[in-house]
Amino acid sequence: MIYLDYQATTPLAPEAREAMLPWLSGPEAMGFANPHSPHRPGRAAAAAVDLAREQVAALLPPGGNVVFTGSATEALNLAIKGTARGDGTNVFAASAIEHAAVLDCGESMRGNSDVFTISVDEAGLVDPEAALPDQLQLLAVMHVNNEIGTVQPVERLCERVREHSGYVLCDAVQSYGKMPLPDGPDMIALSAHKLYGPKGIGALWVRDGIAVAPLIHGGGQEAGLRSGTLSPALCAGFGAAAALAKARMDEDAAHVAELWVTARDIFAGWTLNGSAEQRWHGNLNLRKDGLDVARLMSDLRDLAFSAGSACASGSGRPSHVLRAIGLTDRQAKSSIRIGFGRYTRPEDLEDACARIVAAAAAQGV
Amino acid sequence: MITKMPLEPLQRAQRIYLDHAATTPLLPAAQEAMLAGFAEWANPSSPHAEGRRARAALEDARARIGKALGWEGEVVFTSGASEALALAISRCRLPLGAASSVEHEAVLRHAEGTARLAVDAGGLVDPGSAARGELVAVQQVNNETGVIQPLDRIAEVVRAAGGLLLADCAQGAGKIALPDADLIALSAHKFGGPIGAGVLLVRDWAMLRPSGGQERGYRAGTENLPGVLAMAAALEESGDWLAAAVRLRQRLEQSIVAAGGGVIAGESPRVPTIGAYRMPGKSAAAQLIRFDGMGIAVSAGSACSSGSLRTSHVLGAMGLDDKVASEVIRVSIGRETTEEEIIRFAAAWSEVAGKASAAA
């Protein structure tokens with residue numbers, strides 16, 4: 001089996017797994033302690049959480065705090081709902097290619113907020129000078145798109161939103177730890193399992209001075225912003241994954257760049273969805289007219305690639321991202337996503353791409 | 001290359017852990033399931049073979065959890081009980097109308113402006129007070145005192161009034177049978193599973209408004225499969241140890257009473273694993289520092305609030321005055337607690353209490 005779906009999730013780094021094990025202890029050690037308990041085992045667990053928070057923060061801008069959450073989805077919901085004006089004057093805008101976690105959250109607020117969509121061009125890029133709505137409270141714009149990999153002009157948008165005295169939320173799930181983050185966002189959402197860390201933990205970075213109202217109330221953990229016992233194991237796994245990504249960022253990026261060149265050569269006759277330059281090169285979203293993707297997948301059962309995001313790919317709905325860049329439903333349905341990263345071996349990628357090309361040729365397309 | 005050395009947890013040698021209501025050691029079966037889950041790292045929503053395998057494991061765990069709990073309704077995976085409670089309260093088709101005055105903060109903070117159901121001196125809610133045609137939140141087992149609420153009776157009253165019952169069963173699950181409630185929140189790390197996994201049990205999807213995303217549209221976010229697998233394994237472990245826990249606690253309480261201490265809600269039905277004890281003349285904060293120095297982990301109320309040293313809202317609701325409440329600590333025993341540990345703790349309690357009365 002060759003795994004080429006790194007945007008859906010990534011393999012757990014051995015280093016992250018190692019970092020988690022001491023905190024998954026049974027009664028033989030005290031690693032299981034509740035980090036919010038004031039006794040010594042609790043304080044040791046809290047120290048592990050603090051270290052993890054520093055490791056995660058080391059890839060983020062200064063002047064803010066990391067709030068651990070259960071997922072990036074929760075972090076995005078917290079940011080969007082937690083900063084919404086509650087007096088009926090809230091204005092929220094999001095790019096048309098945001099993740100469903102952002103778009104669905106926006107939809108759910110339509111009753112008491114004005115919700116706007118900022119379109120993208122055929123290359124999958126938001127116009128940095130796009131018109132912004134008046135009284136804008138929050139703009140959500142992702143750094144790297146999860147389906148087509150395009151890198152959005154976040155910095156310029158941040159400058160402009162600041163002139164409107166609004167905030168910018170940046171979904172950096174696909175880019176965090178893989179490339180430097182843009183300057184300027186007020187909040188940044190992250191997920192550990194897209195970074196070779198564990199599932200079940202994400203984070204919201206919040207710039208100092210921004211008031212966010214919690215969604216989950218209770219014991220008052222995370223300075224009251226997110227109640228619920230923190231898992232020292234998940235935090236440690238996230239922290240170790242972040243530290244590793246920071247140390248290896250250039251090496252990982254160079255590896256991905258080589259893989260990209262290899263794959264692009266093999267798919268010479270295919271059309272790339274989204275900009276070739278403004279993009280994370282670990283994402284290859286391609287189409288070929290007439291391609292039957294379902295058949296391709298069933299012909300190649302030992303290759304794991306996708307037809308869009310994991311969340312939506314079971315649904316059969318055409319991708320909202322591919323539609324937003326102007327593809328017809330037919331074109332969208334003849335598109336595939338190939339994602340690779342740190343643990344992808346060049347020979348596996350070559351083999352997989354060659355077999356996809358051959359299987360497509362056998363369909364006569 | 002990780003630049004900093006990973007921190008190490010404390011080793012068990014010479015420590016006595018009596019804070020199982022805060023969190024429990026991971027059971028070996030859960031640990032094993034978790035490690036196996038780390039190898040199963042695909043996204044359960046991906047349609048490729050790896051994703052389908054992860055999905056199959058997730059659905060298998062869902063069925064096993066239902067079976068272990070004797071629950072025939074729906075099972076929604078969350079990051080823990082706090083999220084499950086928030087989900088139930090924010091997505092229920094009925095608004096939250098009332099909550100007992102001894103609920104965990106995870107309920108009370110969502111319940112501002114709603115009615116409080118009072119408790120008596122024994123910490124028990126009067127079922128008659130729960131007759132409301134809204135969502136009513138009453139916990140199964142109190143996290144500070146171990147008191148078990150008469151939920152089956154409360155459920156009848158709530159339903160007769162056209163309401164729905166939300167039961168926080170974080171402290172009861174795995175120890176006593178689930179109550180007959182409509183929505184139930186659980187947390188894996190209170191029964192030997194991992195921190196970071198929980199469930200919301202839903203009698204009928206029609207009780208909730210969907211939000212989109214995973215979990216059939218009721219909870220968005222990639223599921224924590226290793227956590228879910230470990231949670232299922234923990235729930236399937238035997239509850240045989242609870243009989244021993246009853247005896248251990250009896251022994252502890254006899255000793256505490258003999259040394260001049262008081263048992264909170266000693267006459268009420270309680271789970272065998274949690275007890276709250278008053279040491280007259282010695283503040284809980286001072287007791288905790290002494291015990292911690294002696295290598296014993298206990299707590300003052302819940303872990304979430306025990307750093308804050310606020311007076312417990314639970315003890316206040318039971319009519320204890322602030323002075324008395326400030327002298328109460330929580331001792332919670334678990335599967336691996338031994339008789340020797342209880343004897344050592346009882347002796348330590350007497351020692352600390354002796355110095356307290358000498359100083360007084």
# chains A, B, ... in the order shown; residues from 1 in each chain; ligands from 1
>>> select_by_dssp(residues="region 10-239 of chain B", states="strand (DSSP E)", output="PyMOL selection string")
chain B and resi 16-17+74-78+96-100+115-117+135-137+164-168+183-187+198-202
>>> residues_around(residues="Phe32 (chain A)", least_positions_apart="6", cutoff="10 Å", atoms="only C-alpha atoms", output="PyMOL selection string")
(chain A and resi 22-26+41-42+45+231-233) or (chain B and resi 9-10+23-26+189+192-195)
>>> closest_residue(among="A:Arg17, A:Lys81, A:Arg342, A:Arg156", to="Ala101 (chain A)", atoms="only C-alpha atoms")
A:Lys81
>>> closest_residue(among="A:Met187, A:Val151, A:Met249, A:Ile80", to="Gln137 (chain A)", atoms="only C-alpha atoms")
A:Ile80
>>> residues_around(residues="Val168 (chain A)", least_positions_apart="2", cutoff="10 Å", atoms="only C-alpha atoms", output="list in words")
Ala79, Ile80, Ala93, Ala94, Leu136, Gln137, Leu138, Leu139, Ala140, Val141, Met142, Val154, Glu155, Leu157, Cys158, Glu159, Arg160, Val161, Arg162, Ser165, Gly166, Cys170, Asp171, Gly184, Pro185, Asp186, Met187 and Ile188 of chain A
>>> write_last_selection(atoms="N, CA and C atoms", output="compact mmCIF listing (two decimals), in the first residue's frame")
# COMPACT_ATOMS: atom_id res chain seq x y z
N ALA A 79 -12.87 30.39 17.30
CA ALA A 79 -12.44 31.71 16.81
C ALA A 79 -13.62 32.46 16.19
N ILE A 80 -14.41 31.76 15.39
CA ILE A 80 -15.48 32.44 14.64
C ILE A 80 -16.63 32.84 15.56
N ALA A 93 -16.76 37.24 7.09
CA ALA A 93 -16.47 36.93 5.68
C ALA A 93 -15.45 35.81 5.63
N ALA A 94 -15.58 34.97 4.61
CA ALA A 94 -14.64 33.87 4.44
C ALA A 94 -14.40 33.67 2.96
N LEU A 136 -16.74 44.88 8.94
CA LEU A 136 -16.25 43.51 9.03
C LEU A 136 -15.68 43.23 10.43
N GLN A 137 -16.16 42.17 11.05
CA GLN A 137 -15.64 41.78 12.35
C GLN A 137 -14.50 40.77 12.18
N LEU A 138 -14.75 39.78 11.31
CA LEU A 138 -13.76 38.70 11.16
C LEU A 138 -13.71 38.22 9.72
N LEU A 139 -12.49 38.13 9.19
CA LEU A 139 -12.26 37.51 7.89
C LEU A 139 -11.53 36.19 8.13
N ALA A 140 -12.07 35.11 7.59
CA ALA A 140 -11.36 33.83 7.66
C ALA A 140 -10.74 33.55 6.31
N VAL A 141 -9.41 33.43 6.31
CA VAL A 141 -8.72 33.08 5.07
C VAL A 141 -7.63 32.09 5.41
N MET A 142 -7.63 30.99 4.67
CA MET A 142 -6.68 29.93 5.00
C MET A 142 -5.32 30.25 4.41
N VAL A 154 -2.31 36.09 2.55
CA VAL A 154 -2.84 36.38 3.89
C VAL A 154 -2.30 37.71 4.43
N GLU A 155 -1.00 37.97 4.17
CA GLU A 155 -0.40 39.16 4.78
C GLU A 155 -1.08 40.44 4.30
N LEU A 157 -4.05 40.76 3.01
CA LEU A 157 -5.43 40.82 3.51
C LEU A 157 -5.45 41.27 4.97
N CYS A 158 -4.46 40.83 5.74
CA CYS A 158 -4.41 41.25 7.14
C CYS A 158 -4.23 42.77 7.25
N GLU A 159 -3.35 43.32 6.41
CA GLU A 159 -3.14 44.78 6.44
C GLU A 159 -4.46 45.50 6.16
N ARG A 160 -5.18 44.98 5.17
CA ARG A 160 -6.41 45.68 4.76
C ARG A 160 -7.51 45.53 5.80
N VAL A 161 -7.61 44.32 6.37
CA VAL A 161 -8.65 44.12 7.38
C VAL A 161 -8.37 45.00 8.60
N ARG A 162 -7.08 45.18 8.91
CA ARG A 162 -6.73 46.03 10.05
C ARG A 162 -7.23 47.45 9.82
N SER A 165 -10.50 47.80 10.97
CA SER A 165 -10.50 47.41 12.39
C SER A 165 -11.22 46.09 12.66
N GLY A 166 -11.08 45.15 11.75
CA GLY A 166 -11.58 43.80 12.00
C GLY A 166 -10.43 42.86 12.33
N CYS A 170 -6.71 32.81 10.47
CA CYS A 170 -6.01 32.06 9.42
C CYS A 170 -6.01 30.57 9.77
N ASP A 171 -6.60 29.77 8.92
CA ASP A 171 -6.57 28.31 9.05
C ASP A 171 -5.21 27.87 8.48
N GLY A 184 0.69 38.71 10.52
CA GLY A 184 -0.51 39.52 10.54
C GLY A 184 -1.79 38.94 11.08
N PRO A 185 -2.04 37.61 10.99
CA PRO A 185 -3.33 37.13 11.48
C PRO A 185 -3.49 37.38 12.98
N ASP A 186 -4.73 37.52 13.39
CA ASP A 186 -5.04 37.72 14.81
C ASP A 186 -5.28 36.39 15.50
N MET A 187 -5.69 35.40 14.72
CA MET A 187 -5.90 34.06 15.27
C MET A 187 -5.45 33.06 14.21
N ILE A 188 -4.88 31.94 14.67
CA ILE A 188 -4.38 30.91 13.76
C ILE A 188 -4.84 29.55 14.28
>>> residues_around(residues="Ile289 (chain B)", least_positions_apart="6", cutoff="12 Å", atoms="only C-alpha atoms", output="list in words")
Pro38, His39 and Arg40 of chain A; Lys282, Ser283, Gly295, Ile296, Ala297, Val298, Ser299, Ala300, Gly307, Ile329 and Val352 of chain B
